[in-house]
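Here is the file protein_26.csv (CSV, N, CA and C atoms).
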chain,number,residue,atom,x,y,z
A,1092,MET,N,102.2,-25.1,93.5
A,1092,MET,CA,101.2,-24.1,93.2
A,1092,MET,C,101.6,-22.7,93.6
A,1093,SER,N,101.5,-21.7,92.8
A,1093,SER,CA,101.9,-20.4,93.1
A,1093,SER,C,100.9,-19.4,92.5
A,1094,LEU,N,100.8,-18.2,93.1
A,1094,LEU,CA,100.0,-17.1,92.6
A,1094,LEU,C,101.0,-16.1,91.9
A,1095,ALA,N,100.6,-15.6,90.8
A,1095,ALA,CA,101.5,-14.7,90.1
A,1095,ALA,C,101.0,-13.2,90.3
A,1096,ILE,N,102.0,-12.4,90.6
A,1096,ILE,CA,101.7,-11.0,90.7
A,1096,ILE,C,102.6,-10.3,89.7
A,1097,ARG,N,102.0,-9.4,88.9
A,1097,ARG,CA,102.8,-8.8,87.9
A,1097,ARG,C,102.8,-7.2,88.1
A,1098,TYR,N,103.9,-6.7,88.0
A,1098,TYR,CA,104.0,-5.2,88.0
A,1098,TYR,C,105.1,-4.8,87.1
A,1099,THR,N,105.1,-3.5,86.6
A,1099,THR,CA,106.1,-3.1,85.7
A,1099,THR,C,106.8,-1.8,86.3
A,1100,PRO,N,108.0,-2.0,86.9
A,1100,PRO,CA,108.7,-0.9,87.4
A,1100,PRO,C,109.4,-0.1,86.3
A,1101,ALA,N,109.6,1.2,86.5
A,1101,ALA,CA,110.3,2.0,85.5
A,1101,ALA,C,111.8,1.7,85.6
A,1102,VAL,N,112.4,1.6,84.4
A,1102,VAL,CA,113.8,1.3,84.3
A,1102,VAL,C,114.5,2.5,83.5
A,1103,ALA,N,115.5,3.0,84.1
A,1103,ALA,CA,116.2,4.2,83.4
A,1103,ALA,C,116.9,3.7,82.2
A,1104,THR,N,116.9,4.4,81.1
A,1104,THR,CA,117.6,4.1,79.9
A,1104,THR,C,118.8,5.1,79.7
A,1105,PRO,N,119.8,4.6,79.0
A,1105,PRO,CA,121.0,5.5,78.7
A,1105,PRO,C,120.6,6.7,77.9
A,1106,GLY,N,121.3,7.8,78.0
A,1106,GLY,CA,121.1,9.0,77.2
A,1106,GLY,C,120.0,9.8,77.7
A,1107,GLY,N,119.4,9.6,78.9
A,1107,GLY,CA,118.4,10.5,79.5
A,1107,GLY,C,117.1,10.4,78.8
A,1108,LYS,N,116.8,9.3,78.1
A,1108,LYS,CA,115.5,9.2,77.4
A,1108,LYS,C,114.5,8.8,78.5
A,1109,ALA,N,113.3,8.8,78.1
A,1109,ALA,CA,112.2,8.4,79.0
A,1109,ALA,C,112.4,7.0,79.5
A,1110,PRO,N,112.0,6.7,80.7
A,1110,PRO,CA,112.2,5.4,81.2
A,1110,PRO,C,111.3,4.4,80.5
A,1111,ARG,N,111.8,3.2,80.3
A,1111,ARG,CA,111.1,2.1,79.7
A,1111,ARG,C,110.5,1.2,80.8
A,1112,GLN,N,109.5,0.5,80.4
A,1112,GLN,CA,108.9,-0.4,81.4
A,1112,GLN,C,109.5,-1.8,81.3
A,1113,ALA,N,110.0,-2.3,82.4
A,1113,ALA,CA,110.5,-3.7,82.4
A,1113,ALA,C,109.4,-4.6,83.0
A,1114,LYS,N,109.2,-5.7,82.4
A,1114,LYS,CA,108.2,-6.7,82.9
A,1114,LYS,C,108.9,-7.6,83.9
A,1115,VAL,N,108.4,-7.6,85.1
A,1115,VAL,CA,108.9,-8.5,86.1
A,1115,VAL,C,107.8,-9.4,86.6
A,1116,ARG,N,108.1,-10.6,86.8
A,1116,ARG,CA,107.1,-11.5,87.3
A,1116,ARG,C,107.5,-12.1,88.7
A,1117,ARG,N,106.7,-11.8,89.6
A,1117,ARG,CA,107.0,-12.4,91.0
A,1117,ARG,C,105.9,-13.3,91.3
A,1118,THR,N,106.3,-14.4,92.0
A,1118,THR,CA,105.3,-15.4,92.4
A,1118,THR,C,105.3,-15.5,94.0
A,1119,ILE,N,104.1,-15.8,94.4
A,1119,ILE,CA,103.9,-16.0,95.9
A,1119,ILE,C,103.6,-17.5,96.0
A,1120,SER,N,104.4,-18.2,96.7
A,1120,SER,CA,104.2,-19.7,96.8
A,1120,SER,C,103.1,-20.0,97.8
A,1121,LEU,N,102.6,-21.2,97.7
A,1121,LEU,CA,101.5,-21.6,98.5
A,1121,LEU,C,101.9,-21.6,100.0
A,1122,ARG,N,103.1,-21.8,100.3
A,1122,ARG,CA,103.5,-21.9,101.7
A,1122,ARG,C,103.4,-20.5,102.4
A,1123,TRP,N,103.6,-19.4,101.6
A,1123,TRP,CA,103.5,-18.1,102.1
A,1123,TRP,C,102.0,-17.7,102.4
A,1124,VAL,N,101.1,-18.2,101.5
A,1124,VAL,CA,99.7,-18.0,101.6
A,1124,VAL,C,99.2,-18.8,102.9
A,1125,LEU,N,99.7,-20.0,103.0
A,1125,LEU,CA,99.3,-20.8,104.2
A,1125,LEU,C,99.8,-20.2,105.5
A,1126,LEU,N,101.0,-19.7,105.4
A,1126,LEU,CA,101.6,-19.0,106.6
A,1126,LEU,C,100.8,-17.8,107.0
A,1127,GLY,N,100.3,-17.0,106.0
A,1127,GLY,CA,99.4,-15.9,106.3
A,1127,GLY,C,98.1,-16.3,106.9
A,1128,ILE,N,97.5,-17.4,106.4
A,1128,ILE,CA,96.3,-17.9,107.0
A,1128,ILE,C,96.5,-18.4,108.4
A,1129,ILE,N,97.5,-19.1,108.6
A,1129,ILE,CA,97.8,-19.6,110.0
A,1129,ILE,C,98.1,-18.5,111.0
A,1130,THR,N,98.8,-17.5,110.5
A,1130,THR,CA,99.1,-16.4,111.4
A,1130,THR,C,97.8,-15.6,111.7
A,1131,ALA,N,96.9,-15.4,110.8
A,1131,ALA,CA,95.6,-14.8,111.1
A,1131,ALA,C,94.8,-15.6,112.0
A,1132,LEU,N,94.8,-16.9,111.9
A,1132,LEU,CA,94.0,-17.7,112.8
A,1132,LEU,C,94.6,-17.7,114.2
A,1133,VAL,N,95.9,-17.8,114.4
A,1133,VAL,CA,96.5,-17.7,115.7
A,1133,VAL,C,96.2,-16.3,116.3
A,1134,GLY,N,96.3,-15.2,115.5
A,1134,GLY,CA,96.0,-13.9,116.1
A,1134,GLY,C,94.5,-13.8,116.5
A,1135,LEU,N,93.6,-14.4,115.8
A,1135,LEU,CA,92.2,-14.4,116.2
A,1135,LEU,C,92.0,-15.2,117.4
A,1136,TYR,N,92.7,-16.4,117.5
A,1136,TYR,CA,92.6,-17.2,118.7
A,1136,TYR,C,93.1,-16.5,120.0
A,1137,LEU,N,94.1,-15.6,119.8
A,1137,LEU,CA,94.7,-14.9,121.0
A,1137,LEU,C,93.8,-13.7,121.3
A,1138,ILE,N,93.1,-13.1,120.4
A,1138,ILE,CA,92.4,-11.9,120.7
A,1138,ILE,C,90.9,-12.2,121.1
A,1139,LEU,N,90.4,-13.3,120.6
A,1139,LEU,CA,89.0,-13.6,120.8
A,1139,LEU,C,88.6,-13.6,122.3
A,1140,PRO,N,89.4,-14.2,123.2
A,1140,PRO,CA,89.0,-14.1,124.7
A,1140,PRO,C,88.8,-12.7,125.2
A,1141,THR,N,89.7,-11.8,124.8
A,1141,THR,CA,89.6,-10.4,125.2
A,1141,THR,C,88.3,-9.8,124.7
A,1142,LEU,N,88.0,-10.1,123.4
A,1142,LEU,CA,86.8,-9.5,122.9
A,1142,LEU,C,85.5,-10.1,123.5
A,1143,LEU,N,85.6,-11.2,124.2
A,1143,LEU,CA,84.5,-11.7,125.0
A,1143,LEU,C,84.5,-11.2,126.4
A,1144,VAL,N,85.6,-11.1,127.1
A,1144,VAL,CA,85.7,-10.8,128.5
A,1144,VAL,C,85.4,-9.3,128.8
A,1145,ILE,N,85.8,-8.4,127.9
A,1145,ILE,CA,85.6,-7.0,128.2
A,1145,ILE,C,84.1,-6.6,128.2
A,1146,PRO,N,83.3,-7.1,127.2
A,1146,PRO,CA,81.9,-6.8,127.3
A,1146,PRO,C,81.2,-7.4,128.5
A,1147,MET,N,81.7,-8.6,128.9
A,1147,MET,CA,81.1,-9.2,130.1
A,1147,MET,C,81.4,-8.5,131.4
A,1148,SER,N,82.7,-7.9,131.4
A,1148,SER,CA,83.1,-7.1,132.6
A,1148,SER,C,82.3,-5.8,132.7
A,1149,LEU,N,81.8,-5.3,131.6
A,1149,LEU,CA,81.0,-4.0,131.6
A,1149,LEU,C,79.5,-4.2,131.8
A,1150,SER,N,79.1,-5.5,131.8
A,1150,SER,CA,77.7,-5.8,131.9
A,1150,SER,C,77.2,-5.7,133.4
A,1151,ASP,N,76.0,-5.3,133.6
A,1151,ASP,CA,75.5,-5.2,135.0
A,1151,ASP,C,74.8,-6.5,135.5
A,1152,SER,N,75.0,-7.5,134.7
A,1152,SER,CA,74.4,-8.8,135.1
A,1152,SER,C,75.2,-9.4,136.3
A,1153,THR,N,74.5,-10.1,137.2
A,1153,THR,CA,75.2,-10.7,138.3
A,1153,THR,C,75.8,-12.1,138.0
A,1154,SER,N,75.5,-12.7,136.9
A,1154,SER,CA,76.1,-13.9,136.5
A,1154,SER,C,77.0,-13.8,135.3
A,1155,LEU,N,78.1,-14.6,135.3
A,1155,LEU,CA,79.1,-14.5,134.3
A,1155,LEU,C,78.5,-15.0,133.0
A,1156,GLY,N,78.8,-14.3,131.9
A,1156,GLY,CA,78.4,-14.8,130.6
A,1156,GLY,C,77.1,-14.3,130.1
A,1157,ARG,N,76.4,-13.5,130.9
A,1157,ARG,CA,75.1,-13.0,130.4
A,1157,ARG,C,75.3,-11.5,130.1
A,1158,LEU,N,74.9,-11.1,129.0
A,1158,LEU,CA,75.0,-9.7,128.6
A,1158,LEU,C,73.6,-9.0,128.6
A,1159,THR,N,72.8,-9.4,129.4
A,1159,THR,CA,71.4,-8.8,129.5
A,1159,THR,C,71.6,-7.5,130.4
A,1160,GLY,N,70.7,-6.6,130.2
A,1160,GLY,CA,70.7,-5.4,131.0
A,1160,GLY,C,71.6,-4.3,130.4
A,1161,GLY,N,72.0,-3.4,131.3
A,1161,GLY,CA,72.7,-2.3,130.8
A,1161,GLY,C,74.2,-2.4,131.0
A,1162,TRP,N,74.9,-1.3,130.8
A,1162,TRP,CA,76.4,-1.3,131.0
A,1162,TRP,C,76.7,-0.5,132.2
A,1163,THR,N,77.7,-1.0,132.9
A,1163,THR,CA,78.1,-0.4,134.2
A,1163,THR,C,79.6,-0.6,134.4
A,1164,LEU,N,80.2,0.2,135.3
A,1164,LEU,CA,81.6,0.0,135.8
A,1164,LEU,C,81.6,-0.6,137.2
A,1165,LYS,N,80.4,-1.2,137.6
A,1165,LYS,CA,80.3,-1.7,139.0
A,1165,LYS,C,81.3,-2.7,139.4
A,1166,TRP,N,81.7,-3.6,138.5
A,1166,TRP,CA,82.7,-4.6,138.8
A,1166,TRP,C,84.1,-4.0,139.0
A,1167,TYR,N,84.4,-3.0,138.2
A,1167,TYR,CA,85.7,-2.4,138.4
A,1167,TYR,C,85.8,-1.6,139.7
A,1168,GLN,N,84.6,-1.0,140.1
A,1168,GLN,CA,84.6,-0.3,141.3
A,1168,GLN,C,84.8,-1.3,142.5
A,1169,GLU,N,84.1,-2.4,142.4
A,1169,GLU,CA,84.3,-3.4,143.4
A,1169,GLU,C,85.8,-4.0,143.5
A,1170,LEU,N,86.4,-4.1,142.3
A,1170,LEU,CA,87.7,-4.5,142.2
A,1170,LEU,C,88.7,-3.6,143.0
A,1171,PHE,N,88.5,-2.3,142.8
A,1171,PHE,CA,89.4,-1.4,143.5
A,1171,PHE,C,89.1,-1.1,144.9
A,1172,GLU,N,87.8,-1.2,145.3
A,1172,GLU,CA,87.4,-1.0,146.7
A,1172,GLU,C,87.7,-2.1,147.6
A,1173,ASP,N,87.7,-3.4,147.1
A,1173,ASP,CA,87.9,-4.5,148.0
A,1173,ASP,C,89.5,-4.7,148.0
A,1174,LYS,N,90.0,-4.8,149.3
A,1174,LYS,CA,91.5,-4.8,149.5
A,1174,LYS,C,92.0,-6.1,148.9
A,1175,ASP,N,91.4,-7.2,149.1
A,1175,ASP,CA,91.9,-8.5,148.6
A,1175,ASP,C,92.0,-8.5,147.0
A,1176,TRP,N,90.9,-8.1,146.4
A,1176,TRP,CA,90.9,-8.0,144.9
A,1176,TRP,C,91.9,-7.1,144.4
A,1177,ALA,N,92.1,-5.9,145.0
A,1177,ALA,CA,93.0,-4.9,144.6
A,1177,ALA,C,94.5,-5.5,144.7
A,1178,GLU,N,94.7,-6.2,145.8
A,1178,GLU,CA,96.1,-6.8,146.0
A,1178,GLU,C,96.3,-7.9,144.9
A,1179,ALA,N,95.3,-8.7,144.6
A,1179,ALA,CA,95.5,-9.7,143.6
A,1179,ALA,C,95.7,-9.1,142.2
A,1180,ALA,N,95.0,-8.0,141.9
A,1180,ALA,CA,95.2,-7.3,140.7
A,1180,ALA,C,96.6,-6.7,140.6
A,1181,GLY,N,97.1,-6.2,141.7
A,1181,GLY,CA,98.5,-5.6,141.7
A,1181,GLY,C,99.5,-6.7,141.5
A,1182,VAL,N,99.3,-7.9,142.1
A,1182,VAL,CA,100.3,-9.0,141.9
A,1182,VAL,C,100.2,-9.4,140.5
A,1183,SER,N,99.1,-9.5,139.9
A,1183,SER,CA,98.9,-10.0,138.5
A,1183,SER,C,99.6,-9.0,137.6
A,1184,LEU,N,99.5,-7.7,137.9
A,1184,LEU,CA,100.1,-6.6,137.1
A,1184,LEU,C,101.7,-6.7,137.2
A,1185,GLN,N,102.2,-7.0,138.4
A,1185,GLN,CA,103.6,-7.1,138.6
A,1185,GLN,C,104.1,-8.4,137.8
A,1186,VAL,N,103.5,-9.5,137.9
A,1186,VAL,CA,103.9,-10.7,137.2
A,1186,VAL,C,103.9,-10.4,135.7
A,1187,GLY,N,102.8,-9.8,135.2
A,1187,GLY,CA,102.7,-9.5,133.8
A,1187,GLY,C,103.8,-8.6,133.3
A,1188,LEU,N,104.1,-7.6,134.0
A,1188,LEU,CA,105.2,-6.6,133.6
A,1188,LEU,C,106.6,-7.3,133.7
A,1189,LEU,N,106.8,-8.1,134.7
A,1189,LEU,CA,108.1,-8.8,134.8
A,1189,LEU,C,108.3,-9.9,133.7
A,1190,SER,N,107.2,-10.6,133.4
A,1190,SER,CA,107.3,-11.6,132.3
A,1190,SER,C,107.5,-10.9,131.0
A,1191,THR,N,106.9,-9.7,130.8
A,1191,THR,CA,107.0,-9.0,129.5
A,1191,THR,C,108.5,-8.5,129.3
A,1192,ILE,N,109.0,-8.0,130.4
A,1192,ILE,CA,110.4,-7.5,130.3
A,1192,ILE,C,111.4,-8.6,130.1
A,1193,THR,N,111.2,-9.7,130.8
A,1193,THR,CA,112.1,-10.9,130.7
A,1193,THR,C,112.0,-11.5,129.3
A,1194,SER,N,110.8,-11.7,128.8
A,1194,SER,CA,110.7,-12.2,127.5
A,1194,SER,C,111.2,-11.3,126.4
A,1195,THR,N,111.1,-10.0,126.6
A,1195,THR,CA,111.6,-9.1,125.6
A,1195,THR,C,113.2,-9.1,125.6
A,1196,VAL,N,113.8,-9.1,126.8
A,1196,VAL,CA,115.2,-9.2,126.8
A,1196,VAL,C,115.7,-10.5,126.3
A,1197,LEU,N,115.2,-11.6,126.7
A,1197,LEU,CA,115.6,-12.9,126.2
A,1197,LEU,C,115.4,-13.1,124.7
A,1198,GLY,N,114.2,-12.6,124.2
A,1198,GLY,CA,113.9,-12.7,122.8
A,1198,GLY,C,114.9,-11.9,121.9
A,1199,THR,N,115.2,-10.7,122.4
A,1199,THR,CA,116.2,-9.8,121.7
A,1199,THR,C,117.6,-10.4,121.7
A,1200,ALA,N,118.0,-11.0,122.9
A,1200,ALA,CA,119.3,-11.7,122.9
A,1200,ALA,C,119.3,-12.9,122.0
A,1201,ALA,N,118.2,-13.6,122.0
A,1201,ALA,CA,118.2,-14.8,121.1
A,1201,ALA,C,118.2,-14.4,119.6
A,1202,THR,N,117.6,-13.3,119.3
A,1202,THR,CA,117.6,-12.8,117.9
A,1202,THR,C,119.0,-12.4,117.5
A,1203,PHE,N,119.7,-11.7,118.4
A,1203,PHE,CA,121.1,-11.3,118.1
A,1203,PHE,C,122.0,-12.5,118.0
A,1204,GLY,N,121.8,-13.5,118.9
A,1204,GLY,CA,122.6,-14.7,118.8
A,1204,GLY,C,122.3,-15.5,117.5
A,1205,LEU,N,121.1,-15.6,117.1
A,1205,LEU,CA,120.8,-16.3,115.8
A,1205,LEU,C,121.3,-15.6,114.6
A,1206,PHE,N,121.3,-14.3,114.7
A,1206,PHE,CA,121.7,-13.4,113.5
A,1206,PHE,C,123.2,-13.5,113.3
A,1207,LYS,N,123.9,-13.5,114.4
A,1207,LYS,CA,125.4,-13.6,114.3
A,1207,LYS,C,125.8,-15.0,113.9

Would you put the structure from the file into structure tokens?
Amino acid sequence: MSLAIRYTPAVATPGGKAPRQAKVRRTISLRWVLLGIITALVGLYLILPTLLVIPMSLSDSTSLGRLTGGWTLKWYQELFEDKDWAEAAGVSLQVGLLSTITSTVLGTAATFGLFK
């Protein structure tokens, strides 16, 4: 099964005449459509937790998961004022940065290795 996309690019003709239209037919196979759908679902799966956690972190509710009440930065203030929480956040940031750098270097090396 495939989907057809048609377009007509301009093709130059000899003698400097006006370009003629050439009919080209391109098809998109079902596997590319499925790949696009799966990619979108994986992206949504990865982004959805962030879209839920950020509003909860800005809520002034005392229990997790409730979005009642107003919006505040109280939890972020407590994070930076409490020494233990600030230290834990710093360690998490260091681990995140190191893993990002390591995976970028290894991924780039693997790409060059597979390309050659």

Mind running region 1150-1200 of chain A against region 1141-1146 of chain A at 8 Å and telling me each contacting residue's nearest atom pair with the distance in Å (one decimal), counting all atoms listed in the file, chain and number ascending, as a tab-separated table?
residue	atom	partner	partner_atom	distance
A:Ser1150	N	A:Pro1146	C	4.3
A:Asp1151	N	A:Pro1146	C	7.6
A:Arg1157	C	A:Pro1146	C	7.4
A:Leu1158	CA	A:Pro1146	C	6.6

| field | Two-atom distance - atom C of Thr1153 (chain A), atom N of Glu1169 (chain A) (Å) | value |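 Interatomic distance here is 13.5 Å.
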
| Lys1165 (chain A): which residues within 12 Å, counting only C-alpha atoms, same-chain residues fewer than 5 positions away excluded, as a ChimeraX atom specification? | /A:1147-1153,1170-1172

| said: Please compute the atom C of Leu1139 (chain A)-atom C of Leu1155 (chain A) distance, one decimal, in Å. | reply: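 Answer for the atom C of Leu1139 (chain A) to atom C of Leu1155 (chain A) separation: 14.8 Å.
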